[in-house]
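Source file: target20.cif; contents: mmCIF, C-alpha atoms.
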```cif
data_protein
loop_
_atom_site.group_PDB
_atom_site.id
_atom_site.type_symbol
_atom_site.label_atom_id
_atom_site.label_comp_id
_atom_site.auth_asym_id
_atom_site.auth_seq_id
_atom_site.Cartn_x
_atom_site.Cartn_y
_atom_site.Cartn_z
ATOM 1 C CA MET A 564 91.212 38.855 -55.067
ATOM 2 C CA ASN A 565 90.532 42.501 -55.862
ATOM 3 C CA ARG A 566 89.477 42.998 -59.499
ATOM 4 C CA ALA A 567 88.600 46.305 -61.133
ATOM 5 C CA SER A 568 85.353 46.477 -63.101
ATOM 6 C CA ALA A 569 85.587 46.790 -66.872
ATOM 7 C CA ASN A 570 84.191 50.308 -66.614
ATOM 8 C CA ASN A 571 86.808 51.271 -64.103
ATOM 9 C CA VAL A 572 89.601 49.881 -66.264
ATOM 10 C CA LYS A 573 88.367 51.796 -69.283
ATOM 11 C CA GLU A 574 88.045 54.998 -67.283
ATOM 12 C CA ILE A 575 91.574 54.859 -65.888
ATOM 13 C CA CYS A 576 93.057 54.049 -69.310
ATOM 14 C CA LYS A 577 91.084 56.856 -70.916
ATOM 15 C CA GLU A 578 92.342 59.225 -68.214
ATOM 16 C CA ARG A 579 95.922 58.289 -69.016
ATOM 17 C CA TYR A 580 95.223 58.745 -72.750
ATOM 18 C CA ASN A 581 93.796 62.237 -72.222
ATOM 19 C CA GLY A 582 96.581 63.093 -69.782
ATOM 20 C CA ILE A 583 99.265 62.273 -72.346
ATOM 21 C CA LEU A 584 97.577 64.399 -75.010
ATOM 22 C CA GLU A 585 97.159 67.344 -72.631
ATOM 23 C CA TYR A 586 100.755 67.120 -71.447
ATOM 24 C CA HIS A 587 102.185 67.296 -74.953
ATOM 25 C CA TYR A 588 99.803 70.000 -76.127
ATOM 26 C CA LYS A 589 100.888 72.120 -73.196
ATOM 27 C CA ASN A 590 104.619 71.445 -73.306
ATOM 28 C CA ASP A 591 105.722 70.522 -76.810
ATOM 29 C CA GLY A 592 103.635 72.585 -79.210
ATOM 30 C CA VAL A 593 102.505 69.379 -80.855
ATOM 31 C CA ILE A 594 99.773 68.750 -83.297
ATOM 32 C CA ASP A 595 97.735 65.587 -83.040
ATOM 33 C CA PHE A 596 98.862 63.423 -85.919
ATOM 34 C CA VAL A 597 96.702 60.399 -85.289
ATOM 35 C CA SER A 598 95.429 58.672 -82.174
ATOM 36 C CA ASN A 599 92.821 56.122 -81.231
ATOM 37 C CA PHE A 600 91.481 54.547 -78.081
ATOM 38 C CA GLY A 601 89.811 51.156 -78.260
ATOM 39 C CA GLU A 602 90.369 47.692 -79.632
ATOM 40 C CA PHE A 603 92.391 47.156 -82.778
ATOM 41 C CA THR A 604 91.598 44.485 -85.337
ATOM 42 C CA GLN A 605 94.114 43.177 -87.858
ATOM 43 C CA ASP A 606 92.167 45.022 -90.584
ATOM 44 C CA TYR A 607 92.454 48.226 -88.604
ATOM 45 C CA VAL A 608 96.224 47.773 -88.219
ATOM 46 C CA ASN A 609 96.567 47.288 -91.994
ATOM 47 C CA GLN A 610 94.397 50.249 -92.766
ATOM 48 C CA ILE A 611 95.778 52.743 -90.251
ATOM 49 C CA SER A 612 99.404 51.948 -91.069
ATOM 50 C CA ALA A 613 98.708 52.568 -94.770
ATOM 51 C CA GLU A 614 96.891 55.810 -93.932
ATOM 52 C CA ILE A 615 99.717 57.040 -91.716
ATOM 53 C CA GLU A 616 102.246 56.299 -94.455
ATOM 54 C CA GLU A 617 100.138 58.135 -97.036
ATOM 55 C CA ARG A 618 99.643 61.172 -94.821
ATOM 56 C CA MET A 619 103.343 61.476 -94.096
ATOM 57 C CA PHE A 620 104.055 61.372 -97.830
ATOM 58 C CA GLU A 621 101.493 64.121 -98.389
ATOM 59 C CA ASP A 622 103.109 66.180 -95.617
ATOM 60 C CA GLY A 623 106.433 65.883 -97.442
ATOM 61 C CA GLU A 624 108.132 63.941 -94.626
ATOM 62 C CA LYS A 625 111.529 62.378 -95.398
ATOM 63 C CA LYS A 626 111.219 58.840 -96.727
ATOM 64 C CA VAL A 627 113.563 57.353 -94.133
ATOM 65 C CA ILE A 628 111.480 58.895 -91.327
ATOM 66 C CA ILE A 629 108.261 57.613 -92.902
ATOM 67 C CA LYS A 630 109.641 54.093 -92.994
ATOM 68 C CA ARG A 631 110.930 54.283 -89.429
ATOM 69 C CA LEU A 632 107.638 55.547 -88.062
ATOM 70 C CA PHE A 633 105.755 52.972 -90.104
ATOM 71 C CA SER A 634 107.998 50.278 -88.684
ATOM 72 C CA ILE A 635 107.498 51.417 -85.080
ATOM 73 C CA ILE A 636 103.724 51.607 -85.529
ATOM 74 C CA VAL A 637 103.379 48.189 -87.155
ATOM 75 C CA GLU A 638 105.607 46.484 -84.559
ATOM 76 C CA GLY A 639 103.770 48.333 -81.797
ATOM 77 C CA LEU A 640 100.229 47.628 -82.945
ATOM 78 C CA GLN A 641 101.033 43.968 -83.601
ATOM 79 C CA ASN A 642 102.529 43.777 -80.095
ATOM 80 C CA ILE A 643 99.311 45.183 -78.678
ATOM 81 C CA ARG A 644 97.217 42.620 -80.544
ATOM 82 C CA LEU A 645 99.507 39.710 -79.644
ATOM 83 C CA HIS A 646 100.228 40.554 -76.027
ATOM 84 C CA GLY A 647 97.462 42.901 -74.840
ATOM 85 C CA GLU A 648 95.474 41.370 -71.980
ATOM 86 C CA LYS A 649 91.710 41.745 -71.708
ATOM 87 C CA ASP A 650 89.560 43.327 -69.033
ATOM 88 C CA ASN A 651 86.844 41.442 -67.135
ATOM 89 C CA ASP A 652 84.434 41.881 -70.040
ATOM 90 C CA GLY A 653 86.896 40.482 -72.562
ATOM 91 C CA ASN A 654 87.852 43.820 -74.126
ATOM 92 C CA GLN A 655 91.436 44.297 -75.240
ATOM 93 C CA ILE A 656 91.590 47.911 -74.023
ATOM 94 C CA SER A 657 94.442 49.752 -75.712
ATOM 95 C CA PHE A 658 95.416 52.992 -77.367
ATOM 96 C CA PHE A 659 98.005 54.521 -79.566
ATOM 97 C CA ILE A 660 98.972 58.142 -80.059
ATOM 98 C CA ILE A 661 101.210 59.785 -82.613
ATOM 99 C CA LEU A 662 101.979 63.450 -82.037
ATOM 100 C CA LYS A 663 104.322 65.639 -83.976
ATOM 101 C CA ASN A 664 106.038 68.970 -83.651
ATOM 102 C CA ASP A 665 108.822 70.612 -85.628
ATOM 103 C CA SER A 666 111.532 68.311 -84.368
ATOM 104 C CA ASN A 667 109.968 65.038 -83.186
ATOM 105 C CA TYR A 668 107.292 62.442 -83.425
ATOM 106 C CA PHE A 669 106.052 61.166 -80.049
ATOM 107 C CA ILE A 670 104.527 57.722 -80.259
ATOM 108 C CA TYR A 671 102.636 56.027 -77.447
ATOM 109 C CA LEU A 672 101.466 52.421 -77.521
ATOM 110 C CA SER A 673 99.353 51.056 -74.713
ATOM 111 C CA ASN A 674 97.728 47.854 -73.579
ATOM 112 C CA LEU A 675 96.799 45.892 -70.471
ATOM 113 C CA VAL A 676 99.392 43.559 -68.967
ATOM 114 C CA LEU A 677 99.360 40.959 -66.205
ATOM 115 C CA ASN A 678 101.039 42.293 -63.078
ATOM 116 C CA LYS A 679 103.223 39.199 -62.951
ATOM 117 C CA ASN A 680 104.685 40.100 -66.372
ATOM 118 C CA ILE A 681 105.654 43.677 -65.513
ATOM 119 C CA GLU A 682 109.146 42.919 -64.248
ATOM 120 C CA GLY A 683 109.948 40.942 -67.404
ATOM 121 C CA ILE A 684 108.794 43.779 -69.659
ATOM 122 C CA LYS A 685 110.766 46.364 -67.661
ATOM 123 C CA LYS A 686 113.846 44.175 -67.844
ATOM 124 C CA ARG A 687 113.673 43.875 -71.630
ATOM 125 C CA ILE A 688 113.188 47.616 -72.109
ATOM 126 C CA GLU A 689 115.995 48.444 -69.663
ATOM 127 C CA GLN A 690 118.237 45.993 -71.485
ATOM 128 C CA VAL A 691 118.045 47.940 -74.771
ATOM 129 C CA ASN A 692 118.059 51.320 -72.979
ATOM 130 C CA GLY A 693 121.329 50.335 -71.307
ATOM 131 C CA MET A 694 123.048 49.551 -74.591
ATOM 132 C CA ASN A 695 124.809 51.734 -77.118
ATOM 133 C CA LYS A 696 124.029 51.556 -80.833
ATOM 134 C CA ASP A 697 126.623 48.852 -81.565
ATOM 135 C CA GLU A 698 125.525 46.676 -78.659
ATOM 136 C CA ILE A 699 121.893 46.896 -79.764
ATOM 137 C CA LYS A 700 122.904 45.911 -83.283
ATOM 138 C CA GLU A 701 124.793 42.922 -81.895
ATOM 139 C CA LEU A 702 121.784 41.835 -79.843
ATOM 140 C CA TYR A 703 119.567 42.312 -82.892
ATOM 141 C CA LEU A 704 121.805 40.113 -85.022
ATOM 142 C CA SER A 705 121.974 37.397 -82.402
ATOM 143 C CA VAL A 706 118.165 37.277 -82.048
ATOM 144 C CA LEU A 707 117.838 37.300 -85.836
ATOM 145 C CA THR A 708 120.389 34.508 -86.238
ATOM 146 C CA ASN A 709 118.678 32.262 -83.714
ATOM 147 C CA GLY A 710 115.334 33.228 -85.260
ATOM 148 C CA VAL A 711 112.504 31.652 -83.329
ATOM 149 C CA ILE A 712 108.910 32.785 -83.383
ATOM 150 C CA SER A 713 107.001 32.259 -80.139
ATOM 151 C CA ASN A 714 103.641 30.518 -80.124
ATOM 152 C CA LYS A 715 102.053 33.971 -79.823
ATOM 153 C CA GLY A 716 103.756 34.949 -83.072
ATOM 154 C CA GLY A 717 106.324 37.315 -81.545
ATOM 155 C CA ALA A 718 109.893 37.358 -82.760
ATOM 156 C CA GLY A 719 111.435 38.903 -79.643
ATOM 157 C CA LEU A 720 112.596 41.794 -81.789
ATOM 158 C CA GLY A 721 109.897 44.336 -80.941
ATOM 159 C CA PHE A 722 111.738 46.498 -78.403
ATOM 160 C CA ILE A 723 115.038 46.047 -80.224
ATOM 161 C CA THR A 724 113.534 47.143 -83.554
ATOM 162 C CA MET A 725 111.729 50.113 -82.004
ATOM 163 C CA SER A 726 114.894 51.197 -80.239
ATOM 164 C CA MET A 727 116.981 50.869 -83.418
ATOM 165 C CA LYS A 728 114.465 52.852 -85.446
ATOM 166 C CA SER A 729 113.945 55.634 -82.909
ATOM 167 C CA LEU A 730 117.592 56.040 -81.845
ATOM 168 C CA ASN A 731 116.251 57.269 -78.496
ATOM 169 C CA GLN A 732 115.590 55.716 -75.112
ATOM 170 C CA LEU A 733 112.268 53.911 -74.748
ATOM 171 C CA GLU A 734 110.131 55.239 -71.898
ATOM 172 C CA TYR A 735 107.429 53.301 -70.107
ATOM 173 C CA ASN A 736 104.696 53.732 -67.569
ATOM 174 C CA PHE A 737 102.739 51.153 -65.578
ATOM 175 C CA THR A 738 99.521 51.899 -63.684
ATOM 176 C CA GLU A 739 98.208 49.108 -61.485
ATOM 177 C CA LEU A 740 94.482 48.575 -61.990
ATOM 178 C CA ASP A 741 93.865 45.704 -59.585
ATOM 179 C CA ASP A 742 95.536 42.587 -58.164
ATOM 180 C CA VAL A 743 95.848 41.017 -61.609
ATOM 181 C CA ILE A 744 96.249 43.610 -64.345
ATOM 182 C CA SER A 745 97.924 46.928 -64.999
ATOM 183 C CA HIS A 746 97.840 49.454 -67.757
ATOM 184 C CA TYR A 747 101.120 49.790 -69.622
ATOM 185 C CA ASP A 748 102.263 52.342 -72.126
ATOM 186 C CA LEU A 749 105.467 52.689 -74.072
ATOM 187 C CA LYS A 750 106.698 56.039 -75.376
ATOM 188 C CA ILE A 751 108.955 56.205 -78.386
ATOM 189 C CA THR A 752 110.492 59.463 -79.556
ATOM 190 C CA LEU A 753 111.524 59.704 -83.195
ATOM 191 C CA ASP A 754 113.647 62.663 -84.290
ATOM 192 C CA ARG A 755 112.575 64.183 -87.596
ATOM 193 C CA ASP A 756 116.042 65.257 -88.778
ATOM 194 C CA MET B 695 105.117 20.526 -109.220
ATOM 195 C CA THR B 696 103.405 23.818 -110.010
ATOM 196 C CA GLU B 697 104.302 27.457 -110.119
ATOM 197 C CA LEU B 698 103.602 29.677 -107.132
ATOM 198 C CA ASN B 699 101.350 32.711 -107.368
ATOM 199 C CA ILE B 700 100.324 34.738 -104.344
ATOM 200 C CA ASN B 701 98.629 38.090 -104.855
ATOM 201 C CA SER B 702 99.761 40.976 -102.691
ATOM 202 C CA THR B 703 97.543 42.208 -99.867
ATOM 203 C CA LYS B 704 97.798 45.246 -97.596
ATOM 204 C CA ASN B 705 100.205 43.386 -95.345
ATOM 205 C CA ALA B 706 101.714 40.643 -97.485
ATOM 206 C CA PRO B 707 103.886 40.797 -100.591
ATOM 207 C CA GLU B 708 103.223 39.481 -104.065
ATOM 208 C CA VAL B 709 105.034 36.210 -104.637
ATOM 209 C CA ILE B 710 105.690 34.621 -108.004
ATOM 210 C CA GLY B 711 107.657 31.398 -108.206
ATOM 211 C CA SER B 712 108.594 29.654 -111.448
ATOM 212 C CA PHE B 713 111.194 27.257 -112.805
ATOM 213 C CA SER B 714 112.805 26.498 -116.100
ATOM 214 C CA SER B 715 115.732 24.285 -117.186
ATOM 215 C CA GLY B 716 116.602 23.342 -113.629
ATOM 216 C CA LYS B 717 116.593 26.888 -112.323
ATOM 217 C CA VAL B 718 114.004 28.227 -109.887
ATOM 218 C CA THR B 719 113.082 31.919 -109.744
ATOM 219 C CA LEU B 720 111.209 33.358 -106.769
ATOM 220 C CA ASN B 721 110.092 36.994 -106.907
ATOM 221 C CA ILE B 722 108.849 38.705 -103.751
ATOM 222 C CA SER B 723 107.703 42.310 -103.793
ATOM 223 C CA GLY B 724 105.683 44.670 -101.619
ATOM 224 C CA ASN B 725 105.133 45.046 -97.882
ATOM 225 C CA SER B 726 105.557 42.152 -95.494
ATOM 226 C CA PHE B 727 103.850 42.357 -92.122
ATOM 227 C CA PRO B 728 101.232 39.596 -92.013
ATOM 228 C CA GLU B 729 100.273 38.943 -88.409
ATOM 229 C CA ASN B 730 100.894 35.249 -88.824
ATOM 230 C CA ALA B 731 104.234 35.440 -90.614
ATOM 231 C CA PRO B 732 105.143 31.746 -90.062
ATOM 232 C CA LYS B 733 101.952 30.677 -91.830
ATOM 233 C CA PHE B 734 102.561 32.989 -94.787
ATOM 234 C CA TYR B 735 106.224 32.079 -95.200
ATOM 235 C CA SER B 736 105.552 28.356 -94.827
ATOM 236 C CA LEU B 737 103.785 28.581 -98.227
ATOM 237 C CA LEU B 738 107.090 29.742 -99.679
ATOM 238 C CA THR B 739 109.374 27.320 -97.853
ATOM 239 C CA ASP B 740 107.092 24.379 -98.671
ATOM 240 C CA TRP B 741 107.093 25.374 -102.334
ATOM 241 C CA VAL B 742 110.904 25.736 -102.354
ATOM 242 C CA GLU B 743 111.215 22.303 -100.796
ATOM 243 C CA SER B 744 108.906 20.761 -103.426
ATOM 244 C CA VAL B 745 110.660 22.325 -106.442
ATOM 245 C CA SER B 746 114.124 21.507 -105.124
ATOM 246 C CA LYS B 747 113.714 17.861 -106.128
ATOM 247 C CA ASP B 748 113.736 18.586 -109.875
ATOM 248 C CA ASN B 749 115.787 21.769 -109.976
ATOM 249 C CA SER B 750 119.359 22.563 -109.038
ATOM 250 C CA SER B 751 119.526 26.287 -108.351
ATOM 251 C CA ILE B 752 117.389 29.169 -107.115
ATOM 252 C CA GLU B 753 117.400 32.906 -107.606
ATOM 253 C CA LEU B 754 115.345 35.134 -105.297
ATOM 254 C CA ASN B 755 114.479 38.621 -106.517
ATOM 255 C CA CYS B 756 113.194 40.766 -103.691
ATOM 256 C CA ASP B 757 111.939 44.313 -103.581
ATOM 257 C CA ILE B 758 110.391 44.791 -100.197
ATOM 258 C CA ASN B 759 109.198 48.177 -99.061
ATOM 259 C CA TYR B 760 108.735 47.320 -95.414
ATOM 260 C CA MET B 761 109.317 44.106 -93.474
ATOM 261 C CA ALA B 762 108.146 43.569 -89.883
ATOM 262 C CA SER B 763 110.472 41.740 -87.496
ATOM 263 C CA SER B 764 108.394 38.550 -87.482
ATOM 264 C CA SER B 765 108.506 38.497 -91.301
ATOM 265 C CA LEU B 766 112.228 39.149 -91.200
ATOM 266 C CA ILE B 767 112.805 36.036 -89.088
ATOM 267 C CA CYS B 768 110.631 33.971 -91.430
ATOM 268 C CA PHE B 769 112.304 35.413 -94.520
ATOM 269 C CA LEU B 770 115.663 34.374 -93.073
ATOM 270 C CA GLY B 771 114.135 30.947 -92.513
ATOM 271 C CA LEU B 772 113.320 30.890 -96.218
ATOM 272 C CA LEU B 773 116.913 31.807 -97.117
ATOM 273 C CA LYS B 774 118.199 29.089 -94.783
ATOM 274 C CA LYS B 775 115.834 26.608 -96.429
ATOM 275 C CA CYS B 776 117.127 27.567 -99.898
ATOM 276 C CA GLU B 777 120.682 27.283 -98.637
ATOM 277 C CA SER B 778 120.069 23.815 -97.216
ATOM 278 C CA VAL B 779 118.178 22.294 -100.170
ATOM 279 C CA PHE B 780 120.021 23.942 -103.092
ATOM 280 C CA GLY B 781 123.365 24.610 -101.405
ATOM 281 C CA LYS B 782 124.991 27.973 -100.790
ATOM 282 C CA ASP B 783 126.672 28.009 -104.206
ATOM 283 C CA ASN B 784 123.366 27.487 -105.979
ATOM 284 C CA THR B 785 121.353 30.127 -104.139
ATOM 285 C CA VAL B 786 121.370 33.793 -105.120
ATOM 286 C CA LEU B 787 119.481 36.618 -103.446
ATOM 287 C CA ASN B 788 119.044 39.819 -105.429
ATOM 288 C CA TRP B 789 118.114 42.371 -102.781
ATOM 289 C CA ASN B 790 116.623 45.410 -104.513
ATOM 290 C CA PHE B 791 116.082 48.607 -102.539
ATOM 291 C CA GLU B 792 115.642 52.330 -103.044
ATOM 292 C CA SER B 793 119.077 53.952 -103.133
ATOM 293 C CA ASP B 794 118.283 56.395 -100.311
ATOM 294 C CA ASP B 795 116.990 53.669 -97.994
ATOM 295 C CA ASP B 796 119.918 52.964 -95.665
ATOM 296 C CA ASP B 797 117.824 50.729 -93.425
ATOM 297 C CA ALA B 798 117.018 48.419 -96.364
ATOM 298 C CA LEU B 799 120.701 48.348 -97.314
ATOM 299 C CA LYS B 800 121.612 47.375 -93.737
ATOM 300 C CA THR B 801 118.977 44.632 -93.736
ATOM 301 C CA GLY B 802 120.540 43.189 -96.889
ATOM 302 C CA GLU B 803 123.994 43.386 -95.318
ATOM 303 C CA ASP B 804 122.688 41.666 -92.175
ATOM 304 C CA PHE B 805 121.567 38.664 -94.235
ATOM 305 C CA SER B 806 125.126 38.080 -95.384
ATOM 306 C CA LYS B 807 126.233 37.833 -91.740
ATOM 307 C CA ILE B 808 123.745 35.012 -91.147
ATOM 308 C CA VAL B 809 123.623 32.951 -94.356
ATOM 309 C CA SER B 810 126.430 32.095 -96.789
ATOM 310 C CA ILE B 811 124.502 32.348 -100.057
ATOM 311 C CA THR B 812 125.419 34.896 -102.727
ATOM 312 C CA ILE B 813 123.718 38.202 -101.957
ATOM 313 C CA ASN B 814 123.655 41.030 -104.487
ATOM 314 C CA LEU B 815 122.743 44.407 -102.990
ATOM 315 C CA LEU B 816 121.042 46.318 -105.777
ATOM 316 C CA PRO B 817 120.098 49.956 -105.101
ATOM 317 C CA TYR B 818 117.801 51.603 -107.674
#
```
Can the structure in the file be given as structure tokens, please?
Amino acid sequence: MNRASANNVKEICKERYNGILEYHYKNDGVIDFVSNFGEFTQDYVNQISAEIEERMFEDGEKKVIIKRLFSIIVEGLQNIRLHGEKDNDGNQISFFIILKNDSNYFIYLSNLVLNKNIEGIKKRIEQVNGMNKDEIKELYLSVLTNGVISNKGGAGLGFITMSMKSLNQLEYNFTELDDVISHYDLKITLDRD
Amino acid sequence: MTELNINSTKNAPEVIGSFSSGKVTLNISGNSFPENAPKFYSLLTDWVESVSKDNSSIELNCDINYMASSSLICFLGLLKKCESVFGKDNTVLNWNFESDDDDALKTGEDFSKIVSITINLLPY
């Protein structure tokens, strides 16, 4: 079976990371709000989410937007930690990017996934993308009512919550790295008004 | 049977549980996004279960800034536990939230679609 080396995996993911930043700098007049490439510990998630919240307050961002972005980031980073696969060297390669311009925040969350799980992920994203606001709310309530937490600690509400908070379509990208794993990133756009 | 005291952390709320004359009070305030939400909330549900033997009603006072989805499920589990051991007529949730926080208001309203306890939505 063809497996990519850990170095190779890191290189391709880093390329994608830089590509996203370049694209938005060129096209959206964004400023880099906060971004990081690497492995995220629980302590890091706690710390960075608090820092992001504080910085948005200092920037005078609307409270409702602060809470929504905070929510997306916490759900997203916990998803990465819970579900992110590891490369051959046991590294949970991942990144997140938050960019902002006058009208939007662009949030990217990335991790490695098993190729065999790609279809399932796509299906769940497409499911919420294909729904209107009321349908998403209904799905949200039904998941909440049946409330089960998986053995990985997920509530099955990640995509639904992110979609409800962003009010925009979720966008995704998969890049196959070898026969077993791919790089996956999710883009969430949050309007600032 | 003892009181419950959990200090807040960066990702978990402060919890103070007490009881007097048959009435239990459980105060929860702060952020709630511990990675292992079931483990955190089991401390609360276990405590509720233990104090239900000698008390007949419970009042939950909550002021939660941010709640992750896994915490939300577990928090609902806590409400369901209160409902089942004290009964819906003896369980009150006071849901405090900032008056301009529509999302927090909606979360409070969602609870009333799932459990039948008394829920007071209290903007401040």
Next item on the list: Taking only C-alpha atoms into account, report as a ChimeraX atom specification which residues of chain A lie within 12 Å of chain B.
Entry: /A:604-614,616,625-645,700-701,703-725,727-728
Margin query: Can you translate the PyMOL selection byres ((chain B and resi 774-778) around 12) into the concrete residues it hits in this file, as a ChimeraX atom specification?
Written below: /A:708-710 /B:718-720,735-736,738-746,749-754,767-773,779-787,805-806,808-813
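The spacing separating atom CA of A:Tyr671 from atom CA of A:Ile744 amounts to 19.1 Å.
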Next item on the list: Would you kindly return, as a PyMOL selection string, each protein, DNA or RNA residue with an atom no farther than 12 Å from any atom of A:Gly647, considering all atoms listed in the file and excluding same-chain residues fewer than 2 positions away?
Entry: chain A and resi 601-603+639-645+649-650+653-658+672-677+680+715+744-748
List every protein, DNA or RNA residue with an atom no more than 12 Å from (108.2, 62.3, -90.7) in the file's coordinates, counting only C-alpha atoms, and format the result as a short mmCIF file (atom, residue, chain, number, x, y, z; two decimals) with C-alpha atoms, keeping the file's coordinate frame.
```cif
data_model
loop_
_atom_site.label_atom_id
_atom_site.label_comp_id
_atom_site.auth_asym_id
_atom_site.auth_seq_id
_atom_site.Cartn_x
_atom_site.Cartn_y
_atom_site.Cartn_z
CA PHE A 596 98.86 63.42 -85.92
CA ILE A 615 99.72 57.04 -91.72
CA GLU A 616 102.25 56.30 -94.46
CA GLU A 617 100.14 58.14 -97.04
CA ARG A 618 99.64 61.17 -94.82
CA MET A 619 103.34 61.48 -94.10
CA PHE A 620 104.06 61.37 -97.83
CA GLU A 621 101.49 64.12 -98.39
CA ASP A 622 103.11 66.18 -95.62
CA GLY A 623 106.43 65.88 -97.44
CA GLU A 624 108.13 63.94 -94.63
CA LYS A 625 111.53 62.38 -95.40
CA LYS A 626 111.22 58.84 -96.73
CA VAL A 627 113.56 57.35 -94.13
CA ILE A 628 111.48 58.90 -91.33
CA ILE A 629 108.26 57.61 -92.90
CA LYS A 630 109.64 54.09 -92.99
CA ARG A 631 110.93 54.28 -89.43
CA LEU A 632 107.64 55.55 -88.06
CA PHE A 633 105.76 52.97 -90.10
CA ILE A 661 101.21 59.78 -82.61
CA LEU A 662 101.98 63.45 -82.04
CA LYS A 663 104.32 65.64 -83.98
CA ASN A 664 106.04 68.97 -83.65
CA ASP A 665 108.82 70.61 -85.63
CA SER A 666 111.53 68.31 -84.37
CA ASN A 667 109.97 65.04 -83.19
CA TYR A 668 107.29 62.44 -83.42
CA PHE A 669 106.05 61.17 -80.05
CA ILE A 670 104.53 57.72 -80.26
CA SER A 729 113.94 55.63 -82.91
CA THR A 752 110.49 59.46 -79.56
CA LEU A 753 111.52 59.70 -83.20
CA ASP A 754 113.65 62.66 -84.29
CA ARG A 755 112.58 64.18 -87.60
CA ASP A 756 116.04 65.26 -88.78
#
```
Checklist line | atom CA of B:Phe734 to atom CA of B:Ser702, distance in Å rounded to a single decimal | finding: 11.6 Å
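Of note, atom CA of A:Cys576 and atom CA of A:Lys685 are spaced 19.4 Å apart.
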Next item on the list: Using all atoms listed in the file, find the one residue out of B:Asn788, B:Asn755, B:Ser712, B:Ser723 that sits nearest to B:Asn814.
Entry: B:Asn788
Could stretch 619-634 of chain A be completed with N, CA and C atoms and returned as an mmCIF file, keeping the file's coordinate frame?
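Result file is out.cif:
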```cif
data_model
loop_
_atom_site.group_PDB
_atom_site.id
_atom_site.type_symbol
_atom_site.label_atom_id
_atom_site.label_comp_id
_atom_site.auth_asym_id
_atom_site.auth_seq_id
_atom_site.Cartn_x
_atom_site.Cartn_y
_atom_site.Cartn_z
ATOM 1 N N MET A 619 101.988 60.953 -94.246
ATOM 2 C CA MET A 619 103.343 61.476 -94.096
ATOM 3 C C MET A 619 103.921 61.855 -95.452
ATOM 4 N N PHE A 620 103.626 61.039 -96.471
ATOM 5 C CA PHE A 620 104.055 61.372 -97.830
ATOM 6 C C PHE A 620 103.481 62.715 -98.251
ATOM 7 N N GLU A 621 102.163 62.877 -98.016
ATOM 8 C CA GLU A 621 101.493 64.121 -98.389
ATOM 9 C C GLU A 621 102.097 65.317 -97.659
ATOM 10 N N ASP A 622 102.513 65.101 -96.402
ATOM 11 C CA ASP A 622 103.109 66.180 -95.617
ATOM 12 C C ASP A 622 104.543 66.475 -96.044
ATOM 13 N N GLY A 623 105.069 65.668 -96.961
ATOM 14 C CA GLY A 623 106.433 65.883 -97.442
ATOM 15 C C GLY A 623 107.501 65.420 -96.469
ATOM 16 N N GLU A 624 107.149 64.464 -95.596
ATOM 17 C CA GLU A 624 108.132 63.941 -94.626
ATOM 18 C C GLU A 624 109.215 63.149 -95.372
ATOM 19 N N LYS A 625 110.432 63.139 -94.790
ATOM 20 C CA LYS A 625 111.529 62.378 -95.398
ATOM 21 C C LYS A 625 111.185 60.891 -95.429
ATOM 22 N N LYS A 626 111.592 60.243 -96.527
ATOM 23 C CA LYS A 626 111.219 58.840 -96.727
ATOM 24 C C LYS A 626 111.748 57.937 -95.609
ATOM 25 N N VAL A 627 112.970 58.201 -95.173
ATOM 26 C CA VAL A 627 113.563 57.353 -94.133
ATOM 27 C C VAL A 627 112.768 57.471 -92.826
ATOM 28 N N ILE A 628 112.282 58.686 -92.545
ATOM 29 C CA ILE A 628 111.480 58.895 -91.327
ATOM 30 C C ILE A 628 110.121 58.204 -91.469
ATOM 31 N N ILE A 629 109.542 58.280 -92.666
ATOM 32 C CA ILE A 629 108.261 57.613 -92.902
ATOM 33 C C ILE A 629 108.399 56.116 -92.620
ATOM 34 N N LYS A 630 109.458 55.541 -93.167
ATOM 35 C CA LYS A 630 109.641 54.093 -92.994
ATOM 36 C C LYS A 630 109.883 53.728 -91.534
ATOM 37 N N ARG A 631 110.648 54.579 -90.844
ATOM 38 C CA ARG A 631 110.930 54.283 -89.429
ATOM 39 C C ARG A 631 109.659 54.373 -88.591
ATOM 40 N N LEU A 632 108.865 55.410 -88.836
ATOM 41 C CA LEU A 632 107.638 55.547 -88.062
ATOM 42 C C LEU A 632 106.676 54.404 -88.390
ATOM 43 N N PHE A 633 106.597 54.078 -89.662
ATOM 44 C CA PHE A 633 105.755 52.972 -90.104
ATOM 45 C C PHE A 633 106.167 51.683 -89.377
ATOM 46 N N SER A 634 107.465 51.467 -89.329
ATOM 47 C CA SER A 634 107.998 50.278 -88.684
ATOM 48 C C SER A 634 107.632 50.227 -87.199
#
```
